[in-house]
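Report on the following structure.
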Number of protein chains: 2
Amino acid sequence: MRTIEWNSENKTIQMVDQTLLPQEYRTIECTTIESLCHAIITLKVRGAPAIGAAGAYGIALAAQTSIAETPEELLRELESAARKINSTRPTAINLAWAINRVMKTVTSKTGTKQEILETALEEAEAIADEDIRTNKKIGEHGATLLQTGDTVLTHCNAGRLACVDWGTALGVIRSAINNGKEIQIIACETRPLNQGSRLTTWELSEDKIPVTLITDSTAGHLMRRGKIDKIIVGADRITEDAVFNKIGTYTHSVLAKEHKIPFYVAAPTSTIDRNHHEKDITIEERDPDELRYLNNIPVYNPAFDATPIENITAIITEKGILHPPLTF
Amino acid sequence: MRTIEWNSENKTIQMVDQTLLPQEYRTIECTTIESLCHAIITLKVRGAPAIGAAGAYGIALAAQTSIAETPEELLRELESAARKINSTRPTAINLAWAINRVMKTVTSKTGTKQEILETALEEAEAIADEDIRTNKKIGEHGATLLQTGDTVLTHCNAGRLACVDWGTALGVIRSAINNGKEIQIIACETRPLNQGSRLTTWELSEDKIPVTLITDSTAGHLMRRGKIDKIIVGADRITEDAVFNKIGTYTHSVLAKEHKIPFYVAAPTSTIDRNHHEKDITIEERDPDELRYLNNIPVYNPAFDATPIENITAIITEKGILHPPLTF
């Protein structure tokens with residue numbers, strides 16, 4: 001199944017619970033906005049494109065579960081749901097982008113309550129379907145950058161689990177392998193929540209794509225020994241001056257520069273934020289207990305970092321390969 | 001108590017079991033060479049100077065537990081014990097250095113079985129006592145490099161738990177604080193065995209030294225934001241061309257270079273290996289299960305990396321501060 005989809009029978013949002021992987025593959029259903037927000041906050045669904053789809057389906061779910069008596073009342077409820085969902089995670093832009101797109105569509109038309117629900121659901125389904133098509137195009141463009149024999153390092157999980165399907169960074173690898181290229185993957189475990197060791201290794205081994213797991217801090221050692229040919233990561237937000245992605249991405253970019261290794265970002269153009277610069281963006285900080293053993297120890301636990309755009313060789317989008325400097 | 005010491009009542013080696021920290025502070029006793037080797041392999045005792053002391057005491061323990069009938073037979077047994085202990089961990093030089101020092105002392109004299117035992121124990125005790133004096137001298141020299149207000153990043157645990165007492169990198173910080181300087185510490189958790197989050201935070205908070213815990217891959221983000229003034233790490237072996245230390249050290253050194261942050265190594269001169277170069281040294285690889293969730297996933301799990309000597313601002317030793325290039 002897709003990582004996240006609308007269950008048309010139960011009229012709920014159905015998703016793979018990513019906190020249980022790789023030990024258990026279980027799907028859960030969100031029946032309320034509260035349970036959806038909880039699923040996003042607790043990372044049951046994570047990855048910028050996947051939480052975009054979650055946000056879009058969230059508006060449909062809000063319409064589905066509403067007991068509003070008029071279309072006006074329903075629209076006010078949807079606005080409120082949009083704000084709630086949007087506030088769950090501040091750094092990735094896709095959540096706001098997808099929610100705004102659905103809200104814009106429903107508010108641009110007049111209609112009955114039922115018509116508003118149908119419009120919201122159609123737009124959410126369009127966003128989810130487009131995500132897969134977009135990722136396959138990202139894959140096609142990105143595959144041209146890889147050669148047989150390449151060992152590609154990736155960080156976190158920018159795979160099908162981070163999207164509706166196929167993946168961005170891992171989509172590029174899937175496409176290259178589909179084109180007959182032999183590619184080896186190095187997956188960084190990605191502390192503190194281990195999306196690399198839990199999700200990327202699981203997802204790639206399900207597809208029989210050869211992957212080797214390392215600690216995040218082994219990446220530099222491997223680059224120095226000439227074992228990494230290329231680096232591909234996803235992105236949560238791309239401004240003119242920086243790429244926001246999982247904490248550790250910046251470090252890999254500095255190591256790549258030191259070792260003259262191409263450093264690629266694979267992301268849909270919906271990740272591009274033309275309205276802000278690095279300084280405007282909030283980097284989400286997560287629970288200290290994700291990494292501490294002693295209760296009283298202060299912890300600094302940012303979920304993301306910003307990589308200056310000049311450290312990036314190219315951004316692989318569905319529209320083609322962009323080379324910095326980006327001109328918005 | 002010291003991290004490791006001779007229990008003169010029971011005639012055993014007594015050590016803090018570092019695998020139980022910070023949840024539990026428990027001392028264990030090694031009564032045989034087998035249990036000592038097991039304690040070293042399983043990292044109940046770890047840190048280059050501490051395993052040096054463990055190796056030295058190991059020769060005394062071998063003499064203590066021997067049922068050899070002649071001094072010659074005893075010396076052969078000690079040679080065998082030396083080889084066994086020495087083979088437990090290949091990268092750190094201090095183990096071999098300390099064992100060789102005790103063996104050289106016992107073989108340079110003739111004597112009865114009892115005299116051999118006494119000589120071995122005296123030399124081991126001298127090594128342990130010297131370790132503390134050496135660390136305090138390292139601390140004094142290193143403290144001159146720190147100023148009030150500095151935030152110092154450290155990796156792994158190069159503290160009193162890694163030594164007999166006081167510590168190397170953390171010894172420098174202790175000495176600076178003893179001299180009245182106000183210093184903040186950033187401790188990297190140090191995957192995969194979390195010596196930073198388990199040991200360094202525990203050890204510093206016991207001494208009420210302010211410490212903040214981060215993931216290893218947050219270091220670059222903090223350096224980019226100007227939050228790190230200096231970096232101090234320990235070392236397991238220093239050759240003319242490289243410093244071997246916990247995996248991740250190399251990455252910090254590249255980030256330090258990028259951000260023009262001084263990068264210091266604090267280590268006793270016994271860590272210096274004049275006989276080898278980087279290419280000669282085996283980097284120990286540890287159990288894949290230290291980081292994987294799925295049994296069938298290949299893992300590359302080196303315990304150490306090599307930092308080229310030109311990335312190091314200075315090496316703080318008990319004899320003073322050395323500036324690369326090192327001329328052996």
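Naming scheme: A, B, ... for chains in displayed order of the structure tokens; residues 1 onward per chain; ligands 1 onward as shown.
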Report the closest atom pair, with its distance in Å rounded to one decimal, for each residue of chain A that has an atom no farther than 9 Å from chain B; count only C-alpha atoms, sort by chain and then rising residue number, and write it as CSV.
```
residue,atom,partner,partner_atom,distance
A:Pro22,CA,B:Tyr293,CA,7.0
A:Gln23,CA,B:Tyr293,CA,7.7
A:Glu189,CA,B:Leu291,CA,7.7
A:Thr190,CA,B:Ser217,CA,8.4
A:Arg191,CA,B:Thr215,CA,6.5
A:Pro192,CA,B:Thr215,CA,6.7
A:Ser197,CA,B:Arg292,CA,6.1
A:Arg198,CA,B:Tyr293,CA,6.2
A:Thr201,CA,B:Ile297,CA,7.0
A:Trp202,CA,B:Leu294,CA,7.5
A:Ser205,CA,B:Ile297,CA,7.7
A:Pro210,CA,B:Pro298,CA,8.7
A:Val211,CA,B:Pro298,CA,6.9
A:Thr212,CA,B:Pro298,CA,4.9
A:Leu213,CA,B:Val299,CA,4.6
A:Ile214,CA,B:Tyr300,CA,5.5
A:Thr215,CA,B:Arg191,CA,6.5
A:Asp216,CA,B:Ser217,CA,6.7
A:Ser217,CA,B:Gly248,CA,4.4
A:Thr218,CA,B:Gly248,CA,6.2
A:Ala219,CA,B:Thr251,CA,8.0
A:Gly220,CA,B:Thr251,CA,5.3
A:His221,CA,B:Asp305,CA,6.1
A:Ile247,CA,B:Thr218,CA,6.3
A:Gly248,CA,B:Ser217,CA,4.4
A:Thr249,CA,B:Ser217,CA,8.1
A:Tyr250,CA,B:Gly220,CA,6.7
A:Thr251,CA,B:Gly220,CA,5.3
A:His252,CA,B:Ser217,CA,8.9
A:Val254,CA,B:Leu255,CA,6.9
A:Leu255,CA,B:Val254,CA,6.9
A:Glu258,CA,B:Val254,CA,7.5
A:Pro288,CA,B:Leu213,CA,8.8
A:Leu291,CA,B:Ser197,CA,7.4
A:Arg292,CA,B:Ser197,CA,6.0
A:Tyr293,CA,B:Arg198,CA,6.2
A:Leu294,CA,B:Pro22,CA,7.1
A:Asn296,CA,B:Ser205,CA,8.8
A:Ile297,CA,B:Thr212,CA,6.6
A:Pro298,CA,B:Thr212,CA,4.9
A:Val299,CA,B:Leu213,CA,4.6
A:Tyr300,CA,B:Ile214,CA,5.5
A:Asn301,CA,B:Ile214,CA,6.2
A:Pro302,CA,B:Thr218,CA,7.5
A:Phe304,CA,B:Thr218,CA,8.9
A:Asp305,CA,B:His221,CA,6.1
A:Ala306,CA,B:His221,CA,7.6
A:Thr307,CA,B:His221,CA,8.8
```
Find the spatial neighbours of stretch 264-280 of chain B, counting only C-alpha atoms, within a cut-off of 6 Å - ignore same-chain residues fewer than 2 positions away - and output them as number ranges by chain.
B: 93-94, 168-169, 231-235, 237-239, 242, 313-318
Hey, can you spit out that residue selection with N, CA, C and O atoms as a PDB file, in the first residue's frame?
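This is the output file out-v9.pdb:
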```pdb
ATOM      1  N   ILE B  93      47.171   2.426  21.619  1.00  0.00           N
ATOM      2  CA  ILE B  93      48.545   1.978  21.826  1.00  0.00           C
ATOM      3  C   ILE B  93      48.849   1.778  23.300  1.00  0.00           C
ATOM      4  O   ILE B  93      49.741   1.005  23.670  1.00  0.00           O
ATOM      5  N   ASN B  94      48.094   2.449  24.182  1.00  0.00           N
ATOM      6  CA  ASN B  94      48.432   2.465  25.607  1.00  0.00           C
ATOM      7  C   ASN B  94      48.410   1.080  26.229  1.00  0.00           C
ATOM      8  O   ASN B  94      49.166   0.793  27.159  1.00  0.00           O
ATOM      9  N   THR B 168      41.879  13.225  30.398  1.00  0.00           N
ATOM     10  CA  THR B 168      42.753  13.958  29.473  1.00  0.00           C
ATOM     11  C   THR B 168      41.990  15.187  28.957  1.00  0.00           C
ATOM     12  O   THR B 168      42.180  16.284  29.476  1.00  0.00           O
ATOM     13  N   ALA B 169      41.098  14.997  27.978  1.00  0.00           N
ATOM     14  CA  ALA B 169      40.319  16.153  27.477  1.00  0.00           C
ATOM     15  C   ALA B 169      39.502  16.772  28.612  1.00  0.00           C
ATOM     16  O   ALA B 169      39.512  17.991  28.803  1.00  0.00           O
ATOM     17  N   ILE B 231      37.481  22.839  20.516  1.00  0.00           N
ATOM     18  CA  ILE B 231      37.185  21.403  20.556  1.00  0.00           C
ATOM     19  C   ILE B 231      38.373  20.720  21.225  1.00  0.00           C
ATOM     20  O   ILE B 231      39.529  21.023  20.895  1.00  0.00           O
ATOM     21  N   ILE B 232      38.085  19.839  22.168  1.00  0.00           N
ATOM     22  CA  ILE B 232      39.154  19.035  22.787  1.00  0.00           C
ATOM     23  C   ILE B 232      38.694  17.584  22.818  1.00  0.00           C
ATOM     24  O   ILE B 232      37.608  17.280  23.330  1.00  0.00           O
ATOM     25  N   VAL B 233      39.522  16.707  22.289  1.00  0.00           N
ATOM     26  CA  VAL B 233      39.240  15.272  22.334  1.00  0.00           C
ATOM     27  C   VAL B 233      40.458  14.541  22.888  1.00  0.00           C
ATOM     28  O   VAL B 233      41.541  15.126  23.007  1.00  0.00           O
ATOM     29  N   GLY B 234      40.288  13.285  23.215  1.00  0.00           N
ATOM     30  CA  GLY B 234      41.403  12.442  23.618  1.00  0.00           C
ATOM     31  C   GLY B 234      42.025  11.771  22.400  1.00  0.00           C
ATOM     32  O   GLY B 234      41.796  12.192  21.260  1.00  0.00           O
ATOM     33  N   ALA B 235      42.827  10.742  22.637  1.00  0.00           N
ATOM     34  CA  ALA B 235      43.431   9.999  21.524  1.00  0.00           C
ATOM     35  C   ALA B 235      43.731   8.583  21.971  1.00  0.00           C
ATOM     36  O   ALA B 235      44.053   8.343  23.141  1.00  0.00           O
ATOM     37  N   ARG B 237      45.789   6.662  19.773  1.00  0.00           N
ATOM     38  CA  ARG B 237      47.140   6.474  19.234  1.00  0.00           C
ATOM     39  C   ARG B 237      47.466   7.688  18.371  1.00  0.00           C
ATOM     40  O   ARG B 237      46.604   8.179  17.630  1.00  0.00           O
ATOM     41  N   ILE B 238      48.685   8.168  18.498  1.00  0.00           N
ATOM     42  CA  ILE B 238      49.116   9.308  17.682  1.00  0.00           C
ATOM     43  C   ILE B 238      50.351   8.886  16.898  1.00  0.00           C
ATOM     44  O   ILE B 238      51.390   8.576  17.493  1.00  0.00           O
ATOM     45  N   THR B 239      50.210   8.829  15.586  1.00  0.00           N
ATOM     46  CA  THR B 239      51.377   8.574  14.742  1.00  0.00           C
ATOM     47  C   THR B 239      51.848   9.911  14.174  1.00  0.00           C
ATOM     48  O   THR B 239      51.224  10.943  14.403  1.00  0.00           O
ATOM     49  N   ALA B 242      48.845  11.002  11.881  1.00  0.00           N
ATOM     50  CA  ALA B 242      47.410  10.932  12.202  1.00  0.00           C
ATOM     51  C   ALA B 242      47.163  10.716  13.689  1.00  0.00           C
ATOM     52  O   ALA B 242      47.989  10.154  14.400  1.00  0.00           O
ATOM     53  N   THR B 313      45.153  21.493  15.716  1.00  0.00           N
ATOM     54  CA  THR B 313      45.796  22.756  16.098  1.00  0.00           C
ATOM     55  C   THR B 313      46.973  22.482  17.028  1.00  0.00           C
ATOM     56  O   THR B 313      48.054  23.047  16.857  1.00  0.00           O
ATOM     57  N   ALA B 314      46.754  21.611  18.029  1.00  0.00           N
ATOM     58  CA  ALA B 314      47.838  21.298  18.961  1.00  0.00           C
ATOM     59  C   ALA B 314      47.510  20.024  19.718  1.00  0.00           C
ATOM     60  O   ALA B 314      46.337  19.651  19.863  1.00  0.00           O
ATOM     61  N   ILE B 315      48.554  19.350  20.175  1.00  0.00           N
ATOM     62  CA  ILE B 315      48.403  18.172  21.025  1.00  0.00           C
ATOM     63  C   ILE B 315      48.886  18.553  22.417  1.00  0.00           C
ATOM     64  O   ILE B 315      50.024  19.011  22.592  1.00  0.00           O
ATOM     65  N   ILE B 316      47.987  18.394  23.381  1.00  0.00           N
ATOM     66  CA  ILE B 316      48.305  18.776  24.763  1.00  0.00           C
ATOM     67  C   ILE B 316      48.816  17.537  25.485  1.00  0.00           C
ATOM     68  O   ILE B 316      48.079  16.567  25.671  1.00  0.00           O
ATOM     69  N   THR B 317      50.089  17.534  25.861  1.00  0.00           N
ATOM     70  CA  THR B 317      50.676  16.391  26.565  1.00  0.00           C
ATOM     71  C   THR B 317      51.151  16.846  27.946  1.00  0.00           C
ATOM     72  O   THR B 317      51.144  18.042  28.248  1.00  0.00           O
ATOM     73  N   GLU B 318      51.602  15.869  28.741  1.00  0.00           N
ATOM     74  CA  GLU B 318      52.115  16.220  30.069  1.00  0.00           C
ATOM     75  C   GLU B 318      53.434  16.976  29.969  1.00  0.00           C
ATOM     76  O   GLU B 318      53.854  17.640  30.919  1.00  0.00           O
TER      77      GLU B 318
END
```
Filtered DSSP result for stretch 52-256 of chain B, state strand (DSSP E), as an NGL selection string
:B and (151-154 or 184-188 or 211-214 or 230-233 or 237-238 or 242-246)
Here is a test: counting only C-alpha atoms, which residue of B:Leu161, B:Thr144, B:His323, B:Cys156 is nearest to B:Ile177?
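Nearest to B:Ile177: B:Thr144.
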I'd like the contact shell of B:Gln147 - 9 Å cut-off, only C-alpha atoms, skipping same-chain residues fewer than 4 positions apart - returned as a list of chain:residue names.
B:Ala143, B:Ala176, B:Lys181, B:Glu182, B:Ile183
Take the selection from the previous step and output its residues with C-alpha atoms, as a tab-separated table (two decimals), in the first residue's frame.
```tsv
chain	number	residue	atom	x	y	z
B	143	ALA	CA	44.05	25.08	30.78
B	176	ALA	CA	40.67	25.31	33.70
B	181	LYS	CA	37.64	29.89	34.47
B	182	GLU	CA	34.00	29.53	33.52
B	183	ILE	CA	33.67	26.89	30.83
```
Please, which residues of stretch 206-289 of chain B, numbered as in this document, come out helix (DSSP H, G or I) from DSSP, as a ChimeraX atom specification?
/B:206,216-224,249-258,269-271,278-280,288-289
If you count only C-alpha atoms, which residues fall within 12 Å of A:Pro90, apart from same-chain ones fewer than 6 positions away, as a PDB file with N, CA and C atoms, in the first residue's frame?
```pdb
ATOM      1  N   ILE A  40       1.176  12.956  13.489  1.00  0.00           N
ATOM      2  CA  ILE A  40       2.250  13.773  12.886  1.00  0.00           C
ATOM      3  C   ILE A  40       3.292  14.138  13.954  1.00  0.00           C
ATOM      4  N   ILE A  41       2.813  14.576  15.110  1.00  0.00           N
ATOM      5  CA  ILE A  41       3.731  15.015  16.173  1.00  0.00           C
ATOM      6  C   ILE A  41       4.611  13.856  16.656  1.00  0.00           C
ATOM      7  N   ALA A  48       8.780  15.014   4.598  1.00  0.00           N
ATOM      8  CA  ALA A  48       8.079  16.224   4.146  1.00  0.00           C
ATOM      9  C   ALA A  48       6.918  15.911   3.192  1.00  0.00           C
ATOM     10  N   ILE A  51       3.983  14.101   5.084  1.00  0.00           N
ATOM     11  CA  ILE A  51       3.169  14.927   5.987  1.00  0.00           C
ATOM     12  C   ILE A  51       2.402  15.989   5.196  1.00  0.00           C
ATOM     13  N   ARG A  83      -5.248  25.287  10.685  1.00  0.00           N
ATOM     14  CA  ARG A  83      -4.299  25.894  11.627  1.00  0.00           C
ATOM     15  C   ARG A  83      -3.735  24.849  12.594  1.00  0.00           C
ATOM     16  N   LYS A  84      -4.621  24.007  13.092  1.00  0.00           N
ATOM     17  CA  LYS A  84      -4.190  22.962  14.037  1.00  0.00           C
ATOM     18  C   LYS A  84      -3.147  22.033  13.411  1.00  0.00           C
ATOM     19  N   ALA A  96       2.402  22.959   5.130  1.00  0.00           N
ATOM     20  CA  ALA A  96       1.662  24.203   4.879  1.00  0.00           C
ATOM     21  C   ALA A  96       1.250  24.299   3.411  1.00  0.00           C
ATOM     22  N   TRP A  97       2.141  23.919   2.531  1.00  0.00           N
ATOM     23  CA  TRP A  97       1.872  23.994   1.087  1.00  0.00           C
ATOM     24  C   TRP A  97       0.642  23.164   0.715  1.00  0.00           C
ATOM     25  N   ASP A 236      13.410  19.328   3.575  1.00  0.00           N
ATOM     26  CA  ASP A 236      12.147  19.730   4.205  1.00  0.00           C
ATOM     27  C   ASP A 236      11.717  21.123   3.780  1.00  0.00           C
ATOM     28  N   ARG A 237      12.666  21.934   3.370  1.00  0.00           N
ATOM     29  CA  ARG A 237      12.366  23.275   2.868  1.00  0.00           C
ATOM     30  C   ARG A 237      13.613  23.790   2.166  1.00  0.00           C
ATOM     31  N   PHE A 244      16.941  23.136   4.207  1.00  0.00           N
ATOM     32  CA  PHE A 244      16.650  22.585   5.527  1.00  0.00           C
ATOM     33  C   PHE A 244      16.380  21.102   5.371  1.00  0.00           C
ATOM     34  N   ASP A 280      14.676  33.285   8.591  1.00  0.00           N
ATOM     35  CA  ASP A 280      13.242  33.359   8.937  1.00  0.00           C
ATOM     36  C   ASP A 280      12.687  32.033   9.443  1.00  0.00           C
ATOM     37  N   ILE A 281      13.412  30.950   9.246  1.00  0.00           N
ATOM     38  CA  ILE A 281      12.818  29.621   9.443  1.00  0.00           C
ATOM     39  C   ILE A 281      13.122  29.085  10.844  1.00  0.00           C
ATOM     40  N   THR A 282      12.093  28.590  11.488  1.00  0.00           N
ATOM     41  CA  THR A 282      12.233  27.981  12.810  1.00  0.00           C
ATOM     42  C   THR A 282      12.724  26.555  12.658  1.00  0.00           C
ATOM     43  N   ILE A 283      13.779  26.236  13.381  1.00  0.00           N
ATOM     44  CA  ILE A 283      14.227  24.840  13.409  1.00  0.00           C
ATOM     45  C   ILE A 283      13.607  24.169  14.627  1.00  0.00           C
ATOM     46  N   GLU A 284      12.826  23.149  14.327  1.00  0.00           N
ATOM     47  CA  GLU A 284      12.092  22.437  15.377  1.00  0.00           C
ATOM     48  C   GLU A 284      13.061  21.751  16.340  1.00  0.00           C
ATOM     49  N   GLU A 285      12.797  21.925  17.653  1.00  0.00           N
ATOM     50  CA  GLU A 285      13.575  21.186  18.659  1.00  0.00           C
ATOM     51  C   GLU A 285      12.686  20.126  19.270  1.00  0.00           C
ATOM     52  N   ARG A 286      13.240  18.959  19.439  1.00  0.00           N
ATOM     53  CA  ARG A 286      12.427  17.843  19.903  1.00  0.00           C
ATOM     54  C   ARG A 286      12.796  17.451  21.340  1.00  0.00           C
ATOM     55  N   PRO A 302      17.951  19.742  18.033  1.00  0.00           N
ATOM     56  CA  PRO A 302      17.250  20.235  16.847  1.00  0.00           C
ATOM     57  C   PRO A 302      16.987  19.091  15.873  1.00  0.00           C
ATOM     58  N   ALA A 303      15.825  19.108  15.229  1.00  0.00           N
ATOM     59  CA  ALA A 303      15.490  18.024  14.291  1.00  0.00           C
ATOM     60  C   ALA A 303      16.090  18.272  12.914  1.00  0.00           C
ATOM     61  N   PHE A 304      16.436  19.532  12.624  1.00  0.00           N
ATOM     62  CA  PHE A 304      16.900  19.888  11.282  1.00  0.00           C
ATOM     63  C   PHE A 304      18.126  20.783  11.378  1.00  0.00           C
TER      64      PHE A 304
END
```
Nearest-residue call for A:Met15, choices A:His155, A:Met103, A:Ala162, A:Leu78, using only C-alpha atoms
A:Ala162
Can you pull out the residues contacting stretch 134-137 of chain A? Cut-off 7 Å, using only C-alpha atoms, and skip same-chain residues under 3 positions away; I want them as number ranges by chain.
A: 130-131, 140-141, 166-168, 171, 268, 318
Atoms to include: all heavy atoms. Write the selected residues as a PDB file, in the first residue's frame.
```pdb
ATOM      1  N   GLU A 130      -0.123  13.087  -7.375  1.00  0.00           N
ATOM      2  CA  GLU A 130       0.954  13.893  -7.953  1.00  0.00           C
ATOM      3  C   GLU A 130       2.289  13.607  -7.277  1.00  0.00           C
ATOM      4  O   GLU A 130       3.333  13.647  -7.924  1.00  0.00           O
ATOM      5  CB  GLU A 130       0.660  15.388  -7.777  1.00  0.00           C
ATOM      6  CG  GLU A 130      -0.199  15.990  -8.865  1.00  0.00           C
ATOM      7  CD  GLU A 130      -0.566  17.430  -8.525  1.00  0.00           C
ATOM      8  OE1 GLU A 130       0.306  18.166  -8.008  1.00  0.00           O
ATOM      9  OE2 GLU A 130      -1.728  17.793  -8.763  1.00  0.00           O
ATOM     10  N   ASP A 131       2.243  13.353  -5.956  1.00  0.00           N
ATOM     11  CA  ASP A 131       3.493  13.098  -5.234  1.00  0.00           C
ATOM     12  C   ASP A 131       4.232  11.921  -5.870  1.00  0.00           C
ATOM     13  O   ASP A 131       5.444  11.972  -6.067  1.00  0.00           O
ATOM     14  CB  ASP A 131       3.229  12.835  -3.749  1.00  0.00           C
ATOM     15  CG  ASP A 131       4.524  12.621  -2.985  1.00  0.00           C
ATOM     16  OD1 ASP A 131       5.346  13.558  -2.963  1.00  0.00           O
ATOM     17  OD2 ASP A 131       4.743  11.520  -2.442  1.00  0.00           O
ATOM     18  N   GLU A 140      13.758   9.979 -12.505  1.00  0.00           N
ATOM     19  CA  GLU A 140      14.278   9.952 -13.889  1.00  0.00           C
ATOM     20  C   GLU A 140      15.401  10.964 -14.075  1.00  0.00           C
ATOM     21  O   GLU A 140      16.446  10.656 -14.647  1.00  0.00           O
ATOM     22  CB  GLU A 140      13.163  10.295 -14.887  1.00  0.00           C
ATOM     23  CG  GLU A 140      12.260   9.132 -15.224  1.00  0.00           C
ATOM     24  CD  GLU A 140      11.055   9.612 -16.051  1.00  0.00           C
ATOM     25  OE1 GLU A 140      11.235  10.496 -16.913  1.00  0.00           O
ATOM     26  OE2 GLU A 140       9.941   9.096 -15.791  1.00  0.00           O
ATOM     27  N   HIS A 141      15.161  12.190 -13.610  1.00  0.00           N
ATOM     28  CA  HIS A 141      16.203  13.218 -13.753  1.00  0.00           C
ATOM     29  C   HIS A 141      17.447  12.838 -12.952  1.00  0.00           C
ATOM     30  O   HIS A 141      18.574  12.924 -13.448  1.00  0.00           O
ATOM     31  CB  HIS A 141      15.686  14.576 -13.265  1.00  0.00           C
ATOM     32  CG  HIS A 141      14.618  15.162 -14.133  1.00  0.00           C
ATOM     33  ND1 HIS A 141      14.815  15.446 -15.455  1.00  0.00           N
ATOM     34  CD2 HIS A 141      13.326  15.514 -13.861  1.00  0.00           C
ATOM     35  CE1 HIS A 141      13.704  15.951 -15.980  1.00  0.00           C
ATOM     36  NE2 HIS A 141      12.775  16.003 -15.027  1.00  0.00           N
ATOM     37  N   TRP A 166       7.480   5.692  -3.662  1.00  0.00           N
ATOM     38  CA  TRP A 166       8.692   5.830  -4.481  1.00  0.00           C
ATOM     39  C   TRP A 166       9.832   6.557  -3.775  1.00  0.00           C
ATOM     40  O   TRP A 166      10.924   6.021  -3.685  1.00  0.00           O
ATOM     41  CB  TRP A 166       8.385   6.518  -5.830  1.00  0.00           C
ATOM     42  CG  TRP A 166       9.417   6.242  -6.884  1.00  0.00           C
ATOM     43  CD1 TRP A 166      10.299   7.149  -7.407  1.00  0.00           C
ATOM     44  CD2 TRP A 166       9.686   4.996  -7.542  1.00  0.00           C
ATOM     45  NE1 TRP A 166      11.105   6.549  -8.347  1.00  0.00           N
ATOM     46  CE2 TRP A 166      10.745   5.220  -8.449  1.00  0.00           C
ATOM     47  CE3 TRP A 166       9.150   3.707  -7.451  1.00  0.00           C
ATOM     48  CZ2 TRP A 166      11.266   4.222  -9.254  1.00  0.00           C
ATOM     49  CZ3 TRP A 166       9.669   2.709  -8.251  1.00  0.00           C
ATOM     50  CH2 TRP A 166      10.709   2.972  -9.137  1.00  0.00           C
ATOM     51  N   GLY A 167       9.597   7.762  -3.284  1.00  0.00           N
ATOM     52  CA  GLY A 167      10.659   8.456  -2.573  1.00  0.00           C
ATOM     53  C   GLY A 167      11.355   9.511  -3.410  1.00  0.00           C
ATOM     54  O   GLY A 167      11.252   9.524  -4.635  1.00  0.00           O
ATOM     55  N   THR A 168      12.081  10.387  -2.732  1.00  0.00           N
ATOM     56  CA  THR A 168      12.823  11.440  -3.425  1.00  0.00           C
ATOM     57  C   THR A 168      14.285  10.987  -3.591  1.00  0.00           C
ATOM     58  O   THR A 168      14.648  10.500  -4.664  1.00  0.00           O
ATOM     59  CB  THR A 168      12.716  12.771  -2.644  1.00  0.00           C
ATOM     60  OG1 THR A 168      13.066  12.549  -1.267  1.00  0.00           O
ATOM     61  CG2 THR A 168      11.299  13.329  -2.722  1.00  0.00           C
ATOM     62  N   GLY A 171      14.094   7.510  -4.318  1.00  0.00           N
ATOM     63  CA  GLY A 171      13.445   7.397  -5.635  1.00  0.00           C
ATOM     64  C   GLY A 171      14.473   7.509  -6.749  1.00  0.00           C
ATOM     65  O   GLY A 171      14.409   6.775  -7.750  1.00  0.00           O
ATOM     66  N   PRO A 268      10.704  17.679  -4.435  1.00  0.00           N
ATOM     67  CA  PRO A 268       9.744  18.297  -5.351  1.00  0.00           C
ATOM     68  C   PRO A 268       9.838  19.821  -5.273  1.00  0.00           C
ATOM     69  O   PRO A 268      10.260  20.370  -4.251  1.00  0.00           O
ATOM     70  CB  PRO A 268       8.392  17.810  -4.825  1.00  0.00           C
ATOM     71  CG  PRO A 268       8.630  17.458  -3.397  1.00  0.00           C
ATOM     72  CD  PRO A 268      10.051  16.978  -3.325  1.00  0.00           C
ATOM     73  N   GLU A 318      11.273  17.554  -9.969  1.00  0.00           N
ATOM     74  CA  GLU A 318      10.488  16.922 -11.035  1.00  0.00           C
ATOM     75  C   GLU A 318      10.579  17.716 -12.330  1.00  0.00           C
ATOM     76  O   GLU A 318      10.301  17.191 -13.410  1.00  0.00           O
ATOM     77  CB  GLU A 318       9.031  16.734 -10.594  1.00  0.00           C
ATOM     78  CG  GLU A 318       8.161  17.975 -10.588  1.00  0.00           C
ATOM     79  CD  GLU A 318       8.362  18.871  -9.368  1.00  0.00           C
ATOM     80  OE1 GLU A 318       9.358  18.683  -8.620  1.00  0.00           O
ATOM     81  OE2 GLU A 318       7.521  19.778  -9.156  1.00  0.00           O
TER      82      GLU A 318
END
```
Counting only C-alpha atoms, closest pick from A:Thr42, A:Thr327, A:Asn100, A:Ser8 relative to A:Glu118 is A:Ser8
Expressed in Å to a single decimal, how great is the separation between atom CA of B:Ala62 and atom CA of B:Ala158?
28.0 Å
